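Dropping upload_14.cif in here (mmCIF, C-alpha atoms and all ligand atoms):
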data_final
#
loop_
_atom_site.label_atom_id
_atom_site.label_comp_id
_atom_site.auth_asym_id
_atom_site.auth_seq_id
_atom_site.Cartn_x
_atom_site.Cartn_y
_atom_site.Cartn_z
CA LEU J 644 0.00 0.00 0.00
CA TRP J 645 2.73 2.49 0.89
CA GLN J 646 5.33 1.68 -1.78
CA ASP J 647 4.78 4.99 -3.59
CA VAL J 648 5.29 7.12 -0.51
CA PRO J 649 8.37 9.23 -1.30
CA GLN J 650 11.28 9.38 1.09
CA GLY J 651 11.01 12.50 3.27
CA PRO J 652 14.10 14.72 3.52
CA PRO J 653 16.08 14.64 6.77
CA ASP J 654 15.55 17.64 9.05
CA ALA J 655 18.15 20.39 8.57
CA ILE J 656 19.03 20.34 12.29
CA LEU J 657 17.75 17.14 13.90
CA GLY J 658 18.73 15.08 10.81
CA ILE J 659 22.35 16.09 11.40
CA ALA J 660 22.04 15.19 15.08
CA GLN J 661 20.88 11.75 13.97
CA ALA J 662 23.88 11.45 11.63
CA PHE J 663 26.15 12.37 14.57
CA ARG J 664 24.71 9.56 16.68
CA ALA J 665 25.28 7.07 13.85
CA CYS J 666 28.91 8.18 13.27
CA GLU J 667 31.50 5.79 14.70
CA ASP J 668 34.54 8.08 14.55
CA PRO J 669 35.82 8.42 18.16
CA LYS J 670 36.90 12.00 17.38
CA LYS J 671 33.37 13.06 16.35
CA VAL J 672 32.12 16.42 17.64
CA ASN J 673 28.50 17.56 17.89
CA VAL J 674 28.14 21.31 17.46
CA CYS J 675 24.85 20.96 15.63
CA VAL J 676 21.84 21.13 17.91
CA GLY J 677 21.39 23.99 20.34
CA ALA J 678 21.59 21.94 23.49
CA TYR J 679 23.82 22.80 26.46
CA ARG J 680 26.75 20.55 27.31
CA THR J 681 29.04 20.70 30.36
CA SER J 682 32.78 21.29 30.11
CA GLU J 683 33.05 17.48 29.94
CA GLY J 684 30.69 17.43 26.94
CA ASN J 685 27.74 15.92 28.82
CA PRO J 686 24.09 17.01 29.03
CA TRP J 687 23.33 18.82 32.30
CA VAL J 688 20.28 18.50 34.50
CA LEU J 689 20.22 21.72 36.52
CA PRO J 690 20.52 21.02 40.29
CA SER J 691 17.55 23.38 40.86
CA VAL J 692 15.52 21.20 38.48
CA ARG J 693 16.56 18.06 40.37
CA LYS J 694 15.62 19.74 43.64
CA ALA J 695 12.21 20.65 42.24
CA GLU J 696 11.68 17.05 41.16
CA GLY J 697 12.52 15.97 44.72
CA ILE J 698 9.91 18.35 46.09
CA MET J 699 7.36 17.07 43.58
CA LEU J 700 8.06 13.48 44.62
CA GLU J 701 7.78 14.37 48.30
CA ASN J 702 4.47 16.07 47.60
CA ASN J 703 3.30 12.92 45.91
CA GLU J 704 2.31 14.80 42.77
CA ILE J 705 -0.39 13.07 40.79
CA LYS J 706 -0.43 12.14 37.12
CA GLU J 707 -3.93 13.32 36.22
CA TYR J 708 -4.67 15.07 32.92
CA LEU J 709 -3.98 18.79 32.90
CA PRO J 710 -6.74 21.01 31.52
CA ILE J 711 -6.61 21.74 27.77
CA GLU J 712 -4.86 25.06 28.42
CA GLY J 713 -2.36 23.51 30.84
CA ASP J 714 -1.52 24.25 34.45
CA ALA J 715 -2.79 27.77 35.22
CA ALA J 716 -0.31 28.27 38.09
CA PHE J 717 2.59 27.32 35.80
CA VAL J 718 1.33 29.62 33.04
CA GLU J 719 1.11 32.52 35.48
CA LYS J 720 4.69 31.99 36.69
CA ALA J 721 5.93 31.52 33.11
CA LEU J 722 4.27 34.71 31.89
CA GLN J 723 5.68 36.69 34.83
CA PHE J 724 9.12 35.27 33.97
CA ALA J 725 8.74 36.61 30.43
CA TYR J 726 6.68 39.79 30.76
CA GLY J 727 7.79 40.80 34.26
CA LYS J 728 6.26 40.83 37.72
CA ASN J 729 4.06 43.83 36.89
CA ALA J 730 2.80 42.39 33.62
CA PRO J 731 -0.87 43.03 32.76
CA LEU J 732 -1.73 39.35 33.16
CA ASP J 733 -5.44 40.19 33.40
CA ARG J 734 -5.38 40.83 29.65
CA ILE J 735 -2.79 38.28 28.50
CA ALA J 736 -4.24 35.01 27.24
CA GLY J 737 -1.73 32.24 27.95
CA VAL J 738 -1.72 28.50 27.39
CA GLN J 739 0.84 25.81 28.12
CA THR J 740 2.41 24.36 24.97
CA LEU J 741 4.77 21.65 23.77
CA SER J 742 7.82 23.90 24.11
CA GLY J 743 8.55 26.67 21.61
CA THR J 744 7.72 24.65 18.52
CA GLY J 745 4.28 23.83 19.91
CA ALA J 746 3.78 27.47 20.86
CA CYS J 747 4.64 28.66 17.35
CA ARG J 748 2.29 26.03 15.96
CA ILE J 749 -0.66 27.03 18.17
CA GLY J 750 0.03 30.72 17.57
CA GLY J 751 0.27 30.14 13.81
CA ALA J 752 -3.01 28.23 13.78
CA PHE J 753 -4.67 31.02 15.79
CA LEU J 754 -3.40 33.71 13.40
CA ASN J 755 -4.45 31.72 10.38
CA ALA J 756 -7.96 31.33 11.82
CA PHE J 757 -8.51 34.87 13.05
CA LEU J 758 -6.29 37.03 10.82
CA PRO J 759 -6.71 35.00 7.62
CA GLY J 760 -4.81 35.91 4.49
CA ARG J 761 -2.04 37.79 6.29
CA THR J 762 1.59 36.99 5.62
CA ILE J 763 4.07 36.19 8.36
CA TYR J 764 7.55 37.63 7.84
CA ILE J 765 10.46 35.81 9.43
CA PRO J 766 14.05 37.06 9.55
CA ASP J 767 16.55 35.99 6.90
CA PRO J 768 18.03 33.80 8.24
CA SER J 769 15.90 32.30 11.01
CA TRP J 770 15.61 29.06 12.95
CA GLY J 771 15.24 26.34 10.30
CA ASN J 772 11.88 25.16 11.62
CA HIS J 773 10.04 28.51 11.54
CA LYS J 774 9.11 28.42 7.85
CA LYS J 775 7.86 24.85 8.05
CA ILE J 776 5.79 25.46 11.19
CA PHE J 777 4.00 28.51 9.86
CA GLU J 778 3.44 27.02 6.42
CA ALA J 779 1.95 23.96 8.10
CA CYS J 780 -0.46 26.37 9.85
CA GLY J 781 -1.61 27.60 6.43
CA LEU J 782 0.17 30.97 6.62
CA THR J 783 2.15 32.48 3.76
CA VAL J 784 5.73 32.88 4.92
CA GLN J 785 8.11 35.53 3.60
CA THR J 786 11.36 36.93 4.91
CA TYR J 787 12.63 40.33 5.95
CA ARG J 788 16.28 41.27 5.69
CA TYR J 789 18.05 40.70 8.98
CA TYR J 790 21.70 39.79 8.63
CA GLU J 791 24.31 41.19 6.26
CA ARG J 792 26.60 38.27 5.56
CA SER J 793 29.32 40.37 3.95
CA GLN J 794 29.56 42.50 7.12
CA ASN J 795 28.76 39.70 9.60
CA GLY J 796 26.28 41.99 11.31
CA LEU J 797 22.69 43.17 11.53
CA ASP J 798 21.22 44.68 8.35
CA PHE J 799 19.22 47.19 10.34
CA GLU J 800 18.38 49.51 7.43
CA GLY J 801 17.21 46.55 5.33
CA MET J 802 15.15 45.16 8.21
CA LEU J 803 13.43 48.47 8.84
CA GLU J 804 12.73 49.03 5.16
CA ASP J 805 11.19 45.57 4.79
CA ILE J 806 8.99 46.10 7.85
CA GLN J 807 7.90 49.47 6.48
CA THR J 808 7.09 48.16 3.00
CA ALA J 809 5.33 44.91 4.05
CA PRO J 810 1.55 45.07 3.52
CA LYS J 811 -0.24 46.73 6.44
CA GLY J 812 -1.28 44.30 9.14
CA SER J 813 1.42 41.72 8.42
CA ILE J 814 2.82 39.49 11.15
CA MET J 815 6.46 40.06 12.08
CA LEU J 816 8.24 37.13 13.70
CA LEU J 817 10.92 38.52 16.02
CA HIS J 818 13.50 36.61 18.07
CA ALA J 819 13.13 38.00 21.59
CA CYS J 820 16.85 37.63 22.33
CA ALA J 821 19.95 35.73 21.19
CA HIS J 822 18.80 35.41 17.59
CA ASN J 823 19.09 31.88 16.23
CA PRO J 824 21.24 31.27 14.17
CA THR J 825 23.14 34.60 13.95
CA GLY J 826 23.62 35.51 17.63
CA CYS J 827 23.04 39.10 16.54
CA ASP J 828 20.28 41.21 18.17
CA PRO J 829 19.12 44.80 17.60
CA THR J 830 20.15 47.29 20.28
CA PRO J 831 17.43 48.69 22.61
CA ALA J 832 17.37 51.89 20.53
CA GLN J 833 17.00 49.87 17.32
CA TRP J 834 14.15 47.86 18.87
CA GLN J 835 12.34 51.15 19.52
CA GLN J 836 12.64 52.10 15.85
CA ILE J 837 11.43 48.63 14.84
CA TYR J 838 8.41 49.00 17.14
CA GLN J 839 7.63 52.44 15.73
CA SER J 840 7.52 50.97 12.22
CA ILE J 841 5.40 48.02 13.35
CA LEU J 842 2.92 50.43 14.97
CA GLU J 843 2.83 52.68 11.91
CA ARG J 844 2.04 49.72 9.66
CA ASP J 845 -0.49 48.08 12.03
CA HIS J 846 1.62 44.93 12.04
CA VAL J 847 1.45 42.21 14.69
CA ALA J 848 4.64 41.28 16.61
CA PHE J 849 5.09 37.56 17.20
CA PHE J 850 8.06 36.97 19.51
CA ASP J 851 9.86 33.66 19.74
CA SER J 852 11.71 33.48 23.05
CA ALA J 853 13.83 30.36 23.27
CA TYR J 854 16.98 31.77 24.89
CA GLN J 855 15.90 34.04 27.77
CA GLY J 856 18.89 34.03 30.12
CA PHE J 857 21.36 32.92 27.46
CA ALA J 858 22.00 36.32 25.86
CA SER J 859 23.29 38.26 28.85
CA GLY J 860 23.16 35.61 31.56
CA ASP J 861 20.39 37.68 33.19
CA SER J 862 16.82 36.57 32.49
CA GLU J 863 15.37 39.97 33.36
CA GLN J 864 17.68 41.82 31.00
CA ASP J 865 17.02 39.32 28.21
CA ALA J 866 13.29 40.02 28.45
CA GLY J 867 13.88 43.72 27.72
CA ALA J 868 12.89 43.69 24.04
CA LEU J 869 9.63 41.83 24.69
CA ARG J 870 8.66 44.03 27.63
CA ALA J 871 9.45 47.19 25.65
CA ALA J 872 7.13 45.96 22.88
CA VAL J 873 4.26 45.53 25.35
CA ASP J 874 5.02 48.95 26.86
CA ALA J 875 4.95 50.47 23.37
CA GLY J 876 1.43 49.11 22.90
CA LEU J 877 2.17 46.64 20.11
CA PRO J 878 -0.18 43.73 19.48
CA VAL J 879 2.07 40.96 20.81
CA LEU J 880 2.10 37.17 20.66
CA LEU J 881 4.81 35.22 22.46
CA ALA J 882 6.10 31.69 21.98
CA GLN J 883 8.09 30.83 25.09
CA SER J 884 10.33 27.80 25.49
CA PHE J 885 11.89 26.37 28.66
CA ALA J 886 14.01 23.87 26.72
CA LYS J 887 17.32 25.71 26.87
CA ASN J 888 17.16 28.00 29.91
CA PHE J 889 15.82 25.28 32.24
CA GLY J 890 17.52 22.45 30.31
CA LEU J 891 14.11 20.81 29.89
CA TYR J 892 14.65 19.80 26.26
CA GLY J 893 12.77 16.51 26.31
CA GLU J 894 10.03 17.70 28.66
CA ARG J 895 8.47 19.87 25.94
CA CYS J 896 7.51 22.75 28.16
CA GLY J 897 6.54 26.25 27.06
CA THR J 898 3.71 28.74 26.63
CA LEU J 899 1.92 30.65 23.92
CA SER J 900 0.45 33.97 24.92
CA VAL J 901 -1.51 36.71 23.23
CA VAL J 902 -1.51 40.21 24.71
CA CYS J 903 -5.07 41.50 24.39
CA GLY J 904 -6.63 44.93 24.82
CA THR J 905 -9.03 43.94 27.61
CA ALA J 906 -9.80 41.09 30.01
CA ALA J 907 -12.93 40.31 27.96
CA GLN J 908 -10.83 39.85 24.82
CA LYS J 909 -8.49 37.61 26.80
CA ASP J 910 -11.39 35.28 27.63
CA LEU J 911 -12.45 35.09 24.00
CA VAL J 912 -8.92 34.36 22.82
CA MET J 913 -8.44 31.72 25.54
CA SER J 914 -11.60 29.95 24.42
CA GLN J 915 -10.31 29.75 20.83
CA LEU J 916 -6.81 28.62 21.82
CA LYS J 917 -8.44 25.73 23.66
CA CYS J 918 -10.46 24.89 20.54
CA ILE J 919 -7.17 24.66 18.59
CA ILE J 920 -5.39 22.53 21.20
CA ARG J 921 -8.08 19.97 22.01
CA PRO J 922 -8.22 18.22 18.61
CA MET J 923 -4.44 18.48 18.23
CA TYR J 924 -3.12 16.82 21.40
CA SER J 925 -5.85 17.26 23.98
CA SER J 926 -3.74 18.67 26.79
CA PRO J 927 -0.03 19.20 27.51
CA PRO J 928 2.30 16.99 29.59
CA ARG J 929 2.61 17.93 33.25
CA HIS J 930 6.09 16.97 34.45
CA GLY J 931 8.12 19.81 32.88
CA SER J 932 5.62 22.51 33.73
CA SER J 933 5.48 21.25 37.31
CA ILE J 934 9.25 21.60 37.53
CA VAL J 935 9.22 25.19 36.26
CA LYS J 936 6.30 26.08 38.53
CA THR J 937 8.05 24.55 41.56
CA VAL J 938 11.31 26.40 40.86
CA LEU J 939 9.62 29.75 40.22
CA SER J 940 7.35 29.43 43.28
CA ASP J 941 10.23 29.07 45.71
CA GLU J 942 12.42 32.13 46.13
CA PRO J 943 15.71 30.45 47.16
CA LEU J 944 15.23 27.86 44.41
CA THR J 945 14.56 30.63 41.89
CA GLU J 946 17.79 32.36 42.97
CA GLN J 947 19.67 29.09 42.59
CA TYR J 948 18.14 28.63 39.16
CA TYR J 949 19.22 32.12 38.03
CA GLU J 950 22.79 31.34 39.05
CA GLU J 951 22.77 28.02 37.22
CA CYS J 952 21.37 29.61 34.07
CA ALA J 953 24.05 32.32 34.27
CA SER J 954 26.74 29.67 34.66
CA MET J 955 25.64 28.08 31.37
CA ALA J 956 25.70 31.45 29.63
CA ASN J 957 29.13 32.23 31.10
CA ARG J 958 30.66 28.94 29.99
CA ILE J 959 29.47 29.66 26.45
CA VAL J 960 30.94 33.17 26.49
CA ASP J 961 34.21 31.67 27.71
CA MET J 962 34.25 29.06 24.92
CA ARG J 963 33.42 31.75 22.36
CA THR J 964 36.54 33.70 23.33
CA LYS J 965 38.64 30.55 23.51
CA LEU J 966 37.50 29.43 20.04
CA VAL J 967 38.63 32.69 18.45
CA GLU J 968 41.92 32.63 20.40
CA LYS J 969 42.53 29.04 19.36
CA LEU J 970 41.75 29.79 15.69
CA HIS J 971 44.46 32.46 15.69
CA GLU J 972 46.82 30.21 17.66
CA VAL J 973 46.55 27.44 15.05
CA GLY J 974 47.37 29.94 12.31
CA SER J 975 44.10 31.40 11.04
CA THR J 976 44.52 34.96 9.84
CA HIS J 977 40.79 35.56 9.25
CA ASP J 978 38.93 38.19 11.22
CA TRP J 979 36.78 36.15 13.61
CA SER J 980 35.76 39.10 15.76
CA HIS J 981 32.09 38.64 14.80
CA VAL J 982 32.14 35.34 16.71
CA THR J 983 33.03 37.09 19.98
CA GLN J 984 30.55 39.88 19.29
CA GLN J 985 27.68 37.44 18.82
CA ILE J 986 25.58 36.33 21.78
CA GLY J 987 23.61 33.27 22.86
CA MET J 988 24.30 29.66 22.12
CA PHE J 989 25.58 29.88 18.56
CA ALA J 990 28.43 31.22 16.48
CA PHE J 991 27.35 32.14 12.98
CA THR J 992 30.76 31.66 11.49
CA GLY J 993 30.26 32.70 7.89
CA MET J 994 31.47 29.30 6.63
CA SER J 995 29.88 28.11 3.37
CA SER J 996 27.82 24.92 3.16
CA ASP J 997 30.73 23.29 1.26
CA MET J 998 33.06 24.09 4.16
CA CYS J 999 30.51 22.65 6.60
CA ASP J 1000 30.25 19.48 4.50
CA GLN J 1001 34.03 19.18 4.52
CA LEU J 1002 34.11 19.54 8.30
CA THR J 1003 31.59 16.72 8.61
CA GLU J 1004 33.04 14.41 5.95
CA GLU J 1005 36.74 14.82 6.77
CA TYR J 1006 36.69 15.62 10.48
CA SER J 1007 33.39 14.17 11.78
CA ILE J 1008 32.41 17.61 13.07
CA PHE J 1009 28.64 17.86 12.81
CA LEU J 1010 27.13 21.33 12.34
CA THR J 1011 24.25 22.83 10.39
CA ARG J 1012 25.05 23.66 6.78
CA ASP J 1013 24.51 27.40 7.27
CA GLY J 1014 27.84 27.63 9.13
CA ARG J 1015 26.28 27.72 12.59
CA ILE J 1016 28.29 26.21 15.44
CA SER J 1017 26.63 25.45 18.74
CA ILE J 1018 29.27 26.84 21.10
CA ALA J 1019 27.73 24.79 23.91
CA GLY J 1020 29.17 21.68 22.23
CA LEU J 1021 32.74 22.95 22.59
CA ASN J 1022 34.98 22.17 25.54
CA ASP J 1023 38.68 22.15 26.38
CA ASN J 1024 39.01 18.60 25.04
CA ASN J 1025 37.68 19.24 21.54
CA LEU J 1026 38.46 22.94 21.07
CA GLU J 1027 41.85 22.55 19.41
CA TYR J 1028 40.60 19.77 17.13
CA VAL J 1029 37.68 21.93 15.99
CA ALA J 1030 39.81 25.06 15.58
CA LYS J 1031 42.39 23.21 13.46
CA ALA J 1032 39.66 21.72 11.29
CA VAL J 1033 37.91 25.08 10.84
CA HIS J 1034 41.26 26.65 9.95
CA ALA J 1035 41.95 23.86 7.43
CA VAL J 1036 38.62 24.24 5.63
CA THR J 1037 38.59 28.05 5.67
CA ASP J 1038 42.18 28.51 4.52
CA GLY J 1039 42.44 25.50 2.26
C1 LIG U 1 18.32 24.39 17.40
O1 LIG U 1 18.14 25.41 16.73
O2 LIG U 1 19.31 23.66 17.27
C2 LIG U 1 17.34 24.04 18.47
O3 LIG U 1 16.34 25.00 18.52
C3 LIG U 1 16.86 22.65 18.42
C4 LIG U 1 15.83 22.41 17.36
O4 LIG U 1 14.77 21.88 17.67
O5 LIG U 1 16.07 22.76 16.20
#
Mind turning the file's structure into structure tokens?
Amino acid sequence: LWQDVPQGPPDAILGIAQAFRACEDPKKVNVCVGAYRTSEGNPWVLPSVRKAEGIMLENNEIKEYLPIEGDAAFVEKALQFAYGKNAPLDRIAGVQTLSGTGACRIGGAFLNAFLPGRTIYIPDPSWGNHKKIFEACGLTVQTYRYYERSQNGLDFEGMLEDIQTAPKGSIMLLHACAHNPTGCDPTPAQWQQIYQSILERDHVAFFDSAYQGFASGDSEQDAGALRAAVDAGLPVLLAQSFAKNFGLYGERCGTLSVVCGTAAQKDLVMSQLKCIIRPMYSSPPRHGSSIVKTVLSDEPLTEQYYEECASMANRIVDMRTKLVEKLHEVGSTHDWSHVTQQIGMFAFTGMSSDMCDQLTEEYSIFLTRDGRISIAGLNDNNLEYVAKAVHAVTDG
């Protein structure tokens, strides 16, 4: 029956992660997926997360279904984490989602249902999954200029021009902080200009926040762009992920929220978000959200969490500097200063897809073909090997 089903293409990010697992070269290095690794190259369960799980076990937490919209107490804590303690939660509709991907998917379905025919603009480049998610929701996806490859920096003029010339009422997908894959964010002053243009054109701002805490090491500071958008009165949607900052990758924990004009609008929006979720997966899983709720409900545990998140961000900053130093040490004469200027989990190196292929084929270094390196995958044991290989393919 299924012999004519065509082979699906491997995923641009997770397909490479699969190839890494299958590779038998003992020298193999995984700098593909954005997932934190310790200085020994291992995944890390945050001690605050473990502590929360202990508390949950002690409290004999049950395994009942959550409501369609998720755990309301978790959603409240999560939204305060993003929008701030003084956020107007009375008019923000929020539901628990299957991490950031699930949030984008629910948000996309909501936009397609209630703002039909509008185009969503994503940055060029963006996270590889954005286009597929929003297309699967039935939205037309286009790009706005974001990154100037020849300068290794933000194309602010191009971005602004594209926002200003997009049809009125378009949806602008914005990375809340630590842009994936470029590691290049607008400055606070540039954000204000972006918001002015969005307001002038009656656009909708859809934030994807997957790296809060990873840009500066300070979760409050990293929420600045989102909070400024709400303060400026923009119509805002937010896809929030706890995969990276809480290390809850496999727990699939996040939220989707819609900032409304009034509490009455919030209720209407909530009712429709539930209508989207119920036939899709009924209700979200409860373990991850319970962890986040437990951590954020306990002040000392929250403090501990902030320190642990900062320690991840700091190790990445350290490896970023060391990578550039090592590249020069092994003889590279290229200007790699953009790598130290970038923020978040990735280095957008500027390497071509051919160079990336060569790194994978000849050195078993697995990275995405856009030249993105997940700095979190680097450590003192593999740094020199990676630097030498990068030098070989970029100077060869
Ligand atoms: C990434 O960009 O590597 C992460 O967001 C993981 C993923 O799901 O693609």
Judged by all atoms listed in the file, the minimum distance to Gly860 of chain J among J:Asn957, J:Ser769, J:Ser793, J:Ser932 is found for J:Asn957
List all protein, DNA and RNA residues that have at least one atom no more than 9 Å from any atom of ligand LIG 1 (chain U), counting all atoms listed in the file, and write them as an MDAnalysis selection string. chainID J and resid 654:657 675:678 743:744 770:772 823:824 853 886:887 892 989 1011 1017
Check which residues of segment 716-804 of chain J sit at most 12 Å from segment 919-922 of chain J using all atoms listed in the file, and return one row each with the closest pair of atoms and their distance in Å to one decimal, ordered by chain and rising number, as a Markdown table.
| residue | atom | partner | partner_atom | distance |
| --- | --- | --- | --- | --- |
| J:Val738 | CA | J:Ile920 | CA | 9.4 |
| J:Gln739 | CA | J:Ile920 | CA | 9.9 |
| J:Thr740 | CA | J:Ile920 | CA | 8.9 |
| J:Leu741 | CA | J:Ile920 | CA | 10.5 |
| J:Gly745 | CA | J:Ile920 | CA | 9.8 |
| J:Ala746 | CA | J:Ile920 | CA | 10.4 |
| J:Arg748 | CA | J:Ile919 | CA | 9.9 |
| J:Ile749 | CA | J:Ile919 | CA | 6.9 |
| J:Gly750 | CA | J:Ile919 | CA | 9.5 |
| J:Gly751 | CA | J:Ile919 | CA | 10.4 |
| J:Ala752 | CA | J:Ile919 | CA | 7.3 |
| J:Phe753 | CA | J:Ile919 | CA | 7.4 |
| J:Leu754 | CA | J:Ile919 | CA | 11.1 |
| J:Asn755 | CA | J:Ile919 | CA | 11.2 |
| J:Ala756 | CA | J:Ile919 | CA | 9.5 |
| J:Phe757 | CA | J:Ile919 | CA | 11.7 |
| J:Cys780 | CA | J:Ile919 | CA | 11.2 |
Nearest residue to Arg1015 of chain J from the set J:Gln1001, J:Gln833, J:Ser995, J:Asn729 (distances using only C-alpha atoms): J:Ser995
Can you measure atom CA of Ala809 of chain J to atom CA of Gly781 of chain J for me? One decimal in Å is fine. 18.8 Å
Minimum-distance residue to Met962 of chain J, chosen among J:Ala1019, J:Met998, J:Ala730, J:Leu944 (using only C-alpha atoms):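 Closest residue, counting only C-alpha atoms: J:Ala1019.
Rounded to one decimal, atom CA of Arg693 of chain J and atom CA of Val938 of chain J lie 9.9 Å from each other.
Our summary of the geometry notes that atom CA of Leu816 of chain J is positioned 5.9 Å from atom CA of Tyr764 of chain J.
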For Val901 of chain J, which residue out of J:Glu791, J:Phe663, J:Ala882, J:Leu1026 is the nearest one, using all atoms listed in the file?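 The answer is J:Ala882, which sits nearest to Val901 of chain J.
Of the residues listed (J:Pro669, J:Gly826, J:Gly897, J:Pro766), J:Gly897 shows the shortest atom-to-atom separation from Phe724 of chain J; distances use only C-alpha atoms.
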Neighbours of Asp714 of chain J within 10 Å (only C-alpha atoms; same-chain residues fewer than 6 positions away dropped), as a list of chain:residue names?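 Here the answer would be J:Tyr708, J:Val738, J:Gln739, J:Ser926, J:Pro927, J:Pro928, J:Arg929, J:Ser932, J:Ser933, J:Lys936.
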Non-local contacts of segment 947-954 of chain J (8 Å; only C-alpha atoms; under 5 positions in same chain excluded) as a PyMOL selection string: chain J and resi 689-692+856-857+860-862+888-889+938
Residues of the last selection are to be written out with C-alpha atoms, as a CSV table (one decimal), keeping the file's coordinate frame.
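Contents of selection.csv, as written:
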chain,number,residue,atom,x,y,z
J,689,LEU,CA,20.2,21.7,36.5
J,690,PRO,CA,20.5,21.0,40.3
J,691,SER,CA,17.6,23.4,40.9
J,692,VAL,CA,15.5,21.2,38.5
J,856,GLY,CA,18.9,34.0,30.1
J,857,PHE,CA,21.4,32.9,27.5
J,860,GLY,CA,23.2,35.6,31.6
J,861,ASP,CA,20.4,37.7,33.2
J,862,SER,CA,16.8,36.6,32.5
J,888,ASN,CA,17.2,28.0,29.9
J,889,PHE,CA,15.8,25.3,32.2
J,938,VAL,CA,11.3,26.4,40.9
Can you work out which one of J:Arg1012, J:Arg734, J:Lys670, J:Lys1031 has the shortest atom-to-atom distance to Ser975 of chain J, counting only C-alpha atoms?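 The shortest atom-to-atom distance to Ser975 of chain J comes from J:Lys1031.
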Which neighbours of Thr786 of chain J fall inside 12 Å, counting all atoms listed in the file, when residues of the same chain fewer than 5 positions from it are skipped, and could you give them as a PyMOL selection string? chain J and resi 762-769+773-774+801-802+805-806+809+813-817
If I wrap all listed atoms of segment 872-882 of chain J in a box with edges along x, y and z and add 8 Å on each side, what are its centre and edge lengths in Å to one decimal, as AutoDock Vina command-line options?
--center_x 3.5 --center_y 41.1 --center_z 23.2 --size_x 23.3 --size_y 34.8 --size_z 23.4
